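For reference, run07.txt is printed below; it contains compact mmCIF, C-alpha atoms.
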# COMPACT_ATOMS: atom_id res chain seq x y z
CA MET A 20 57.66 53.42 113.05
CA LYS A 21 59.75 53.45 116.22
CA LYS A 22 63.45 54.08 115.91
CA GLN A 23 65.44 50.94 116.77
CA ARG A 24 67.19 51.65 120.05
CA LEU A 25 70.22 50.32 121.86
CA VAL A 26 67.96 50.35 124.92
CA ARG A 27 64.74 48.37 124.51
CA LYS A 28 63.53 47.83 128.09
CA ALA A 29 62.17 50.13 130.79
CA VAL A 30 61.29 49.83 134.46
CA ILE A 31 58.48 51.91 136.00
CA PRO A 32 58.02 51.68 139.81
CA VAL A 33 54.45 52.35 140.96
CA ALA A 34 54.34 50.50 144.30
CA GLY A 35 54.70 53.57 146.54
CA GLN A 36 52.14 54.25 149.25
CA GLY A 37 51.20 57.71 147.94
CA LYS A 38 51.10 59.28 151.40
CA ARG A 39 51.12 62.82 150.00
CA MET A 40 47.82 62.17 148.23
CA GLY A 41 45.98 61.39 151.44
CA PRO A 42 43.53 58.61 152.19
CA LEU A 43 42.48 58.18 148.55
CA CYS A 44 45.69 56.21 147.88
CA ARG A 45 44.64 53.63 150.45
CA ALA A 46 42.01 52.57 147.92
CA ILE A 47 43.45 53.64 144.55
CA PRO A 48 47.17 53.76 143.62
CA LYS A 49 48.23 57.23 142.50
CA ALA A 50 49.44 55.77 139.20
CA ALA A 51 45.77 55.07 138.42
CA PHE A 52 44.66 58.68 138.96
CA PRO A 53 43.23 60.08 135.70
CA LEU A 54 44.77 62.89 133.67
CA ALA A 55 43.13 64.20 130.52
CA ASP A 56 45.53 64.28 127.58
CA ARG A 57 45.75 66.78 124.72
CA ARG A 58 43.05 64.84 122.84
CA GLY A 59 40.62 65.00 125.73
CA ARG A 60 41.01 61.35 126.77
CA ALA A 61 40.93 60.56 130.49
CA LEU A 62 43.94 58.26 130.91
CA PRO A 63 45.55 57.09 134.16
CA LEU A 64 48.94 58.53 134.97
CA ILE A 65 50.61 55.17 134.32
CA HIS A 66 49.28 55.21 130.74
CA HIS A 67 51.01 58.57 130.18
CA VAL A 68 54.29 57.17 131.55
CA CYS A 69 54.05 54.03 129.40
CA MET A 70 53.44 56.22 126.35
CA ALA A 71 56.62 58.10 127.23
CA ALA A 72 58.51 54.81 127.26
CA SER A 73 57.10 53.88 123.86
CA GLU A 74 58.06 57.28 122.44
CA ALA A 75 61.66 56.50 123.47
CA GLY A 76 61.64 53.30 121.42
CA ILE A 77 60.99 50.95 124.33
CA ASP A 78 59.36 47.60 123.48
CA GLU A 79 59.23 45.97 126.93
CA VAL A 80 58.19 47.54 130.22
CA ALA A 81 58.16 46.11 133.73
CA LEU A 82 55.75 47.82 136.12
CA ILE A 83 56.82 47.38 139.75
CA VAL A 84 53.51 47.29 141.62
CA ALA A 85 52.19 46.53 145.10
CA PRO A 86 50.76 43.00 145.30
CA ARG A 87 47.25 44.33 145.95
CA ASP A 88 47.33 46.37 142.71
CA VAL A 89 48.42 43.70 140.23
CA ASP A 90 44.87 42.81 139.21
CA LEU A 91 43.85 46.46 138.79
CA PHE A 92 46.72 47.32 136.46
CA HIS A 93 46.44 44.03 134.61
CA ARG A 94 42.74 44.61 133.90
CA TYR A 95 43.38 48.18 132.79
CA PHE A 96 46.10 47.36 130.28
CA ALA A 97 44.24 44.30 129.01
CA ALA A 98 41.46 46.72 128.03
CA ALA A 99 43.72 49.59 126.92
CA VAL A 100 45.75 47.61 124.41
CA GLU A 101 42.61 46.86 122.42
CA GLU A 102 42.28 50.54 121.57
CA TYR A 103 45.68 52.09 122.21
CA SER A 104 48.20 49.40 121.24
CA ALA A 105 49.98 51.69 118.76
CA GLU A 106 51.02 54.11 121.52
CA LEU A 107 52.03 51.59 124.21
CA PRO A 108 55.03 49.24 124.51
CA VAL A 109 54.51 45.85 122.95
CA ASN A 110 54.98 43.96 126.23
CA ILE A 111 53.99 45.17 129.69
CA ASP A 112 54.96 42.88 132.56
CA PHE A 113 53.92 43.16 136.22
CA LEU A 114 56.43 42.58 139.01
CA THR A 115 55.67 43.03 142.69
CA GLN A 116 57.43 44.85 145.50
CA ALA A 117 56.17 43.19 148.69
CA SER A 118 56.79 46.24 150.89
CA PRO A 119 57.97 49.77 150.09
CA ARG A 120 61.68 49.73 150.98
CA GLY A 121 62.79 52.61 148.77
CA LEU A 122 63.26 53.22 145.08
CA GLY A 123 66.44 51.16 144.96
CA ASP A 124 64.58 48.14 146.30
CA ALA A 125 61.82 48.65 143.70
CA VAL A 126 64.40 48.67 140.91
CA MET A 127 65.97 45.45 142.24
CA GLN A 128 62.74 43.57 141.56
CA ALA A 129 63.41 43.97 137.83
CA GLU A 130 66.92 42.48 137.70
CA ASN A 131 65.81 39.22 136.05
CA PHE A 132 63.58 41.13 133.64
CA ILE A 133 66.49 43.36 132.56
CA ALA A 134 68.74 40.32 132.02
CA GLY A 135 72.01 42.24 131.91
CA GLN A 136 70.89 44.88 129.41
CA PRO A 137 70.89 48.68 129.75
CA PHE A 138 67.47 50.07 130.59
CA LEU A 139 65.40 53.18 131.13
CA LEU A 140 63.96 53.89 134.56
CA LEU A 141 60.90 56.15 134.53
CA LEU A 142 59.33 57.34 137.77
CA GLY A 143 55.66 56.44 137.87
CA ASP A 144 54.63 59.67 139.59
CA HIS A 145 56.37 62.12 137.25
CA LEU A 146 54.94 63.74 134.14
CA LEU A 147 57.41 65.28 131.68
CA LEU A 148 56.20 67.67 128.98
CA PRO A 149 58.69 68.47 126.20
CA ALA A 150 59.69 72.02 125.39
CA PRO A 151 58.42 73.37 122.05
CA HIS A 152 60.04 71.55 119.11
CA ALA A 153 61.92 69.17 121.45
CA ARG A 154 61.83 65.38 121.38
CA PRO A 155 59.85 63.54 124.09
CA PRO A 156 61.91 63.71 127.31
CA ALA A 157 62.57 59.97 127.67
CA ALA A 158 63.71 59.94 124.04
CA GLN A 159 66.06 62.84 124.84
CA VAL A 160 67.81 60.66 127.42
CA ALA A 161 67.99 57.71 125.01
CA ASP A 162 69.38 59.99 122.28
CA ALA A 163 72.06 61.30 124.64
CA HIS A 164 73.05 57.76 125.64
CA GLU A 165 73.47 56.74 122.01
CA ALA A 166 75.65 59.79 121.41
CA ARG A 167 77.70 59.23 124.58
CA PRO A 168 77.37 55.62 125.85
CA GLY A 169 78.45 54.99 129.42
CA ALA A 170 77.52 53.59 132.81
CA ALA A 171 74.62 56.01 133.19
CA MET A 172 72.81 58.85 131.46
CA ILE A 173 70.49 60.69 133.82
CA GLY A 174 67.82 63.19 132.76
CA MET A 175 68.15 66.39 134.79
CA GLN A 176 66.05 69.49 135.31
CA VAL A 177 67.25 72.91 136.44
CA VAL A 178 65.85 74.02 139.81
CA ALA A 179 66.27 76.98 142.13
CA ALA A 180 67.77 76.59 145.61
CA ASP A 181 64.34 76.59 147.29
CA ARG A 182 63.47 73.26 145.62
CA LEU A 183 66.57 71.36 146.67
CA ALA A 184 64.93 69.99 149.81
CA THR A 185 62.74 67.66 147.69
CA VAL A 186 65.12 66.39 145.00
CA GLY A 187 68.42 64.65 144.40
CA ALA A 188 70.90 67.08 142.87
CA ALA A 189 74.19 66.79 141.03
CA ARG A 190 77.17 68.77 139.77
CA GLY A 191 78.34 68.33 136.21
CA ASP A 192 81.10 69.46 133.88
CA PRO A 193 79.76 70.42 130.43
CA LEU A 194 80.86 68.18 127.53
CA GLU A 195 80.92 68.53 123.78
CA VAL A 196 78.90 65.79 122.08
CA VAL A 197 79.70 65.15 118.42
CA ARG A 198 76.61 63.96 116.58
CA GLU A 199 75.04 64.48 113.18
CA LYS A 200 71.78 65.60 114.76
CA PRO A 201 72.11 67.98 117.74
CA LEU A 202 70.69 66.85 121.06
CA ASP A 203 67.86 68.75 122.72
CA GLY A 204 69.89 69.49 125.84
CA PRO A 205 73.55 69.69 126.87
CA VAL A 206 75.41 66.69 128.32
CA TYR A 207 77.59 66.82 131.43
CA LEU A 208 80.09 64.52 133.08
CA CYS A 209 78.72 63.95 136.58
CA ARG A 210 81.07 64.91 139.39
CA GLU A 211 78.94 64.63 142.54
CA ILE A 212 75.45 63.54 143.62
CA VAL A 213 73.70 64.66 146.81
CA GLU A 214 70.21 63.63 147.95
CA LYS A 215 68.12 66.64 149.06
CA PRO A 216 71.02 69.01 149.78
CA ASP A 217 70.53 72.18 151.78
CA PRO A 218 71.28 75.43 149.89
CA VAL A 219 74.53 76.05 151.78
CA ALA A 220 75.94 72.65 150.80
CA ALA A 221 74.68 73.08 147.23
CA ARG A 222 76.48 76.41 146.83
CA GLN A 223 79.68 74.79 148.07
CA ARG A 224 79.52 71.49 146.16
CA LEU A 225 76.94 71.47 143.37
CA VAL A 226 77.53 74.52 141.17
CA THR A 227 77.41 73.50 137.50
CA PRO A 228 78.84 76.04 135.01
CA GLY A 229 76.35 77.83 132.80
CA LEU A 230 73.14 77.41 134.83
CA GLY A 231 72.95 80.89 136.32
CA ALA A 232 72.98 82.17 139.88
CA ASP A 233 71.64 79.73 142.48
CA LYS A 234 70.43 77.22 139.87
CA TYR A 235 71.21 73.51 140.10
CA LEU A 236 70.83 70.25 138.20
CA ALA A 237 68.26 67.97 139.84
CA HIS A 238 66.91 64.53 138.94
CA GLY A 239 64.05 64.76 136.45
CA GLY A 240 62.40 61.35 136.71
CA VAL A 241 64.18 59.67 133.76
CA TYR A 242 67.28 57.52 134.26
CA LEU A 243 69.26 55.24 131.95
CA PHE A 244 71.51 52.66 133.58
CA GLY A 245 73.62 49.70 132.65
CA ALA A 246 72.92 46.50 134.55
CA GLU A 247 75.74 47.28 137.01
CA ILE A 248 73.32 49.46 138.98
CA PHE A 249 71.86 46.25 140.46
CA ASP A 250 75.24 45.31 141.93
CA CYS A 251 75.49 48.83 143.38
CA ILE A 252 72.11 48.43 145.08
CA ARG A 253 73.26 45.08 146.51
CA GLU A 254 76.41 46.72 147.86
CA LEU A 255 74.24 49.35 149.49
CA SER A 256 72.03 46.65 151.02
CA ARG A 257 75.08 44.90 152.52
CA ALA A 258 76.17 48.19 154.07
CA TYR A 259 72.79 48.48 155.81
CA ARG A 260 73.45 45.62 158.20
CA ARG A 261 70.33 46.11 160.28
CA GLY A 262 68.20 45.55 157.18
CA GLY A 263 65.47 48.04 158.06
CA GLU A 264 66.73 51.03 156.10
CA GLU A 265 65.21 51.99 152.79
CA LEU A 266 67.42 51.35 149.76
CA GLU A 267 67.57 54.79 148.17
CA LEU A 268 68.51 54.90 144.51
CA THR A 269 70.55 58.09 144.95
CA ALA A 270 72.92 56.27 147.33
CA ALA A 271 73.32 53.44 144.80
CA GLN A 272 73.99 56.05 142.10
CA GLY A 273 76.78 57.41 144.28
CA ILE A 274 78.39 53.97 144.31
CA LEU A 275 78.08 53.72 140.52
CA LEU A 276 79.60 57.18 140.14
CA ARG A 277 82.60 56.21 142.29
CA ARG A 278 83.12 53.14 140.09
CA HIS A 279 82.73 55.08 136.82
CA PRO A 280 83.84 58.69 137.39
CA GLU A 281 84.63 59.19 133.70
CA ASP A 282 81.52 57.76 132.05
CA TYR A 283 78.62 58.68 134.32
CA TYR A 284 76.68 61.32 132.39
CA LEU A 285 73.86 63.81 132.88
CA VAL A 286 71.70 65.39 130.20
CA ARG A 287 69.66 68.54 130.77
CA LEU A 288 66.10 67.89 129.69
CA ALA A 289 64.32 70.32 127.39
CA ALA A 290 61.13 69.69 129.29
CA GLU A 291 58.87 70.69 132.14
CA VAL A 292 59.10 68.12 134.95
CA ILE A 293 56.05 67.80 137.20
CA ASP A 294 55.94 65.62 140.31
CA VAL A 295 52.34 64.41 140.22
CA GLY A 296 52.55 62.70 143.61
CA SER A 297 51.12 65.63 145.57
CA PRO A 298 47.81 67.52 145.28
CA ASP A 299 49.52 70.66 143.99
CA GLY A 300 51.60 68.69 141.50
CA TYR A 301 48.58 66.72 140.29
CA ALA A 302 46.64 69.94 139.65
CA ALA A 303 49.68 71.53 137.97
CA ALA A 304 50.05 68.54 135.65
CA GLN A 305 46.45 68.77 134.48
CA ARG A 306 46.72 72.53 133.94
CA ALA A 307 49.93 72.10 131.94
CA ILE A 308 48.43 69.45 129.67
CA LEU A 309 45.26 71.42 129.02
CA ALA A 310 47.22 74.62 128.36
CA ASP A 311 48.91 72.78 125.48
CA ARG A 312 45.65 71.35 124.13
CA PRO A 313 44.36 72.60 120.75
CA PRO A 314 41.27 74.80 121.12
CA ALA A 315 37.92 73.08 120.71
CA ALA A 316 36.10 73.71 117.46
CA GLY A 317 33.04 75.08 119.30
CA PRO A 318 29.51 75.37 117.95
CA PRO A 319 29.04 76.47 114.33
CA ARG A 320 28.65 80.16 113.72
CA ARG A 321 25.25 81.44 112.66
CA GLY A 322 24.61 80.60 109.04
CA GLU A 323 27.11 77.71 108.96
CA PRO A 324 25.77 74.15 108.62
CA GLU A 325 26.41 71.69 111.41
CA LEU A 326 28.62 68.73 110.57
CA LEU A 327 26.65 65.54 110.99
CA ASP A 328 28.13 62.53 112.73
CA PRO A 329 28.40 59.87 110.00
CA CYS A 330 27.68 57.21 112.62

Rewrite the structure from the file as structure tokens, please.
Amino acid sequence: MKKQRLVRKAVIPVAGQGKRMGPLCRAIPKAAFPLADRRGRALPLIHHVCMAASEAGIDEVALIVAPRDVDLFHRYFAAAVEEYSAELPVNIDFLTQASPRGLGDAVMQAENFIAGQPFLLLLGDHLLLPAPHARPPAAQVADAHEARPGAAMIGMQVVAADRLATVGAARGDPLEVVREKPLDGPVYLCREIVEKPDPVAARQRLVTPGLGADKYLAHGGVYLFGAEIFDCIRELSRAYRRGGEELELTAAQGILLRRHPEDYYLVRLAAEVIDVGSPDGYAAAQRAILADRPPAAGPPRRGEPELLDPC
């Protein structure tokens, strides 16, 4: 039975163009690319992400999809729930993003769905694998939010300086979290957020105590926000007077941080974070899953009877 959560809804944007995956994404959205799971089932990436939401206690999910892909995802989940309903959220809705105007714009499409409640945001092209004996990563973020409620609780990974050019990074002050059950990772009070900083700026502005030399906190594909994030995205949109700029979520997070400097939190994920939106990342995700898969039973040894299929 799922634990009853303070946060019951999640948003998963999957309307991106998938340019890093080449011409294949012109025909098939990257969220539909298959990944074998630990049980040997070939499931699309979006199924893995929806399972992560369910593991965090989420009942309702809104998928933000391109208009051309609504029918594809609808047909898939209509079939999947017949067999896999126990591992998926109870309700999966489909909302459209007419054109890719950034992650912030994708999130805005879910404002009515969220209806003023806090919510999880899971990136549809990220796969997160928990560390040994750790809770599922999305559940780690939800746990941290329940222990330290606030305007935001953002799941973070630790990266080296050579990866900063591809991620949003942040600086945090470590906090003590009093809770009966310890959290999987430490919680920080966020002090600064920078989108894709260069190493020089990171060494000047983004050093978080306790991470080690030239290590930084970077976004890990799991966010938990209160509904105020929508107002922050609107403020960002008003600032872009020409209207052609992409609405980047990191910029909206910066607005939220300025409004709530004392209750905007980060939690370090006990997890491996894999960006599946590139060929190398896609291959790495499949290797990581299969490396954690139990060994196959194999053929019977000589002298042992074969087990007959009862069907």

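Residue neighbourhood of Arg253 of chain A, excluding near-sequence residues (fewer than 3 positions): Gly123, Asp124, Val126, Met127, Gln128, Glu130, Glu247, Ile248, Phe249, Asp250, Ser256, Arg257, Ala258, Tyr259, Arg260, Gly262, Leu266, Glu267, Leu268, Ala270, Ala271, Gln272, Ile274 and Leu275 of chain A, at 12 Å, using only C-alpha atoms.
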
(request) Rank A:Val292, A:Leu194, A:Ala72, A:Ala134 by their smallest atom-to-atom distance to Val177 of chain A, using all atoms listed in the file, and report the top residue only. (result) A:Val292

(message) I'd like the interatomic distance between atom CA of Ala81 of chain A and atom CA of Val241 of chain A, to a tenth of an Å.
(response) 14.8 Å

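We find atom CA of His164 of chain A and atom CA of Gln223 of chain A to be spaced 28.9 Å apart.
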
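Closest approach to Leu107 of chain A among A:Ile65, A:Ala85, A:Leu122, A:Val160: A:Ile65, based on only C-alpha atoms.
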
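Distances from A:Leu139, A:Val213, A:Ala61, A:Ala163 to Arg198 of chain A were compared using all atoms listed in the file, and the smallest one belongs to A:Ala163.
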
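In this structure, atom CA of Pro156 of chain A sits 14.8 Å away from atom CA of Ile308 of chain A.
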
(request) Mind listing whatever residues come within 10 Å of the point (70.5, 65.7, 150.4)? Use all atoms listed in the file, file coordinates, and give them as a PyMOL selection string. (result) chain A and resi 183-188+212-218+220-221+269

Output C-alpha atoms for every residue in that selection, as a compact mmCIF listing (two decimals), keeping the file's coordinate frame.
# COMPACT_ATOMS: atom_id res chain seq x y z
CA LEU A 183 66.57 71.36 146.67
CA ALA A 184 64.93 69.99 149.81
CA THR A 185 62.74 67.66 147.69
CA VAL A 186 65.12 66.39 145.00
CA GLY A 187 68.42 64.65 144.40
CA ALA A 188 70.90 67.08 142.87
CA ILE A 212 75.45 63.54 143.62
CA VAL A 213 73.70 64.66 146.81
CA GLU A 214 70.21 63.63 147.95
CA LYS A 215 68.12 66.64 149.06
CA PRO A 216 71.02 69.01 149.78
CA ASP A 217 70.53 72.18 151.78
CA PRO A 218 71.28 75.43 149.89
CA ALA A 220 75.94 72.65 150.80
CA ALA A 221 74.68 73.08 147.23
CA THR A 269 70.55 58.09 144.95

(request) Mind listing whatever residues come within 9 Å of the point (75.4, 55.7, 134.3)? Use only C-alpha atoms, file coordinates, and give them as a PyMOL selection string. (result) chain A and resi 168-173+242-245+247-248+272+275-276+279+282-285

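Of the listed residues A:Arg278, A:Lys49, A:His238, A:Arg27, the one whose atoms come nearest to Gly143 of chain A is A:Lys49, with distances taken using all atoms listed in the file.
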
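Residues within 6 Å of segment 145-155 of chain A, counting only C-alpha atoms and excluding same-chain residues fewer than 4 positions away, are Ala289, Ala290, Glu291, Val292, Ile293, Asp294 and Val295 of chain A.
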
Selected residues written out, C-alpha atoms, as a PDB file, in the frame of the given file:
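Final output, saved to result15.pdb:
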ATOM      1  CA  ALA A 289      64.320  70.320 127.390  1.00  0.00           C
ATOM      2  CA  ALA A 290      61.130  69.690 129.290  1.00  0.00           C
ATOM      3  CA  GLU A 291      58.870  70.690 132.140  1.00  0.00           C
ATOM      4  CA  VAL A 292      59.100  68.120 134.950  1.00  0.00           C
ATOM      5  CA  ILE A 293      56.050  67.800 137.200  1.00  0.00           C
ATOM      6  CA  ASP A 294      55.940  65.620 140.310  1.00  0.00           C
ATOM      7  CA  VAL A 295      52.340  64.410 140.220  1.00  0.00           C
TER       8      VAL A 295
END

(message) For Arg222 of chain A, find every residue with an atom within 10 Å (counting only C-alpha atoms), except residues of its own chain fewer than 2 positions away, and show them as number ranges by chain.
(response) A: 180, 216-220, 224-227, 232-235

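Residues with any atom within 10 Å of Tyr103 of chain A, counting only C-alpha atoms and excluding same-chain neighbours fewer than 4 positions away, are His66, Met70, Phe96, Ala98, Ala99 and Leu107 of chain A.
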
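With distances restricted to all atoms listed in the file, A:Ala166 is the closest residue to Val197 of chain A from A:Arg120, A:Val68, A:Ala166, A:Arg87.
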
(request) Identify which of the residues A:His93, A:Val26, A:Gly300, A:Glu264 lies closest to Pro137 of chain A, counting all atoms listed in the file when measuring atom-to-atom distances. (result) A:Val26

Given 4 Å of margin on each side, can you work out the centre and size in Å (one decimal) of an axis-aligned box holding every listed atom of segment 81-89 of chain A, as AutoDock Vina command-line options?
--center_x 52.7 --center_y 45.4 --center_z 139.8 --size_x 18.9 --size_y 12.8 --size_z 20.2
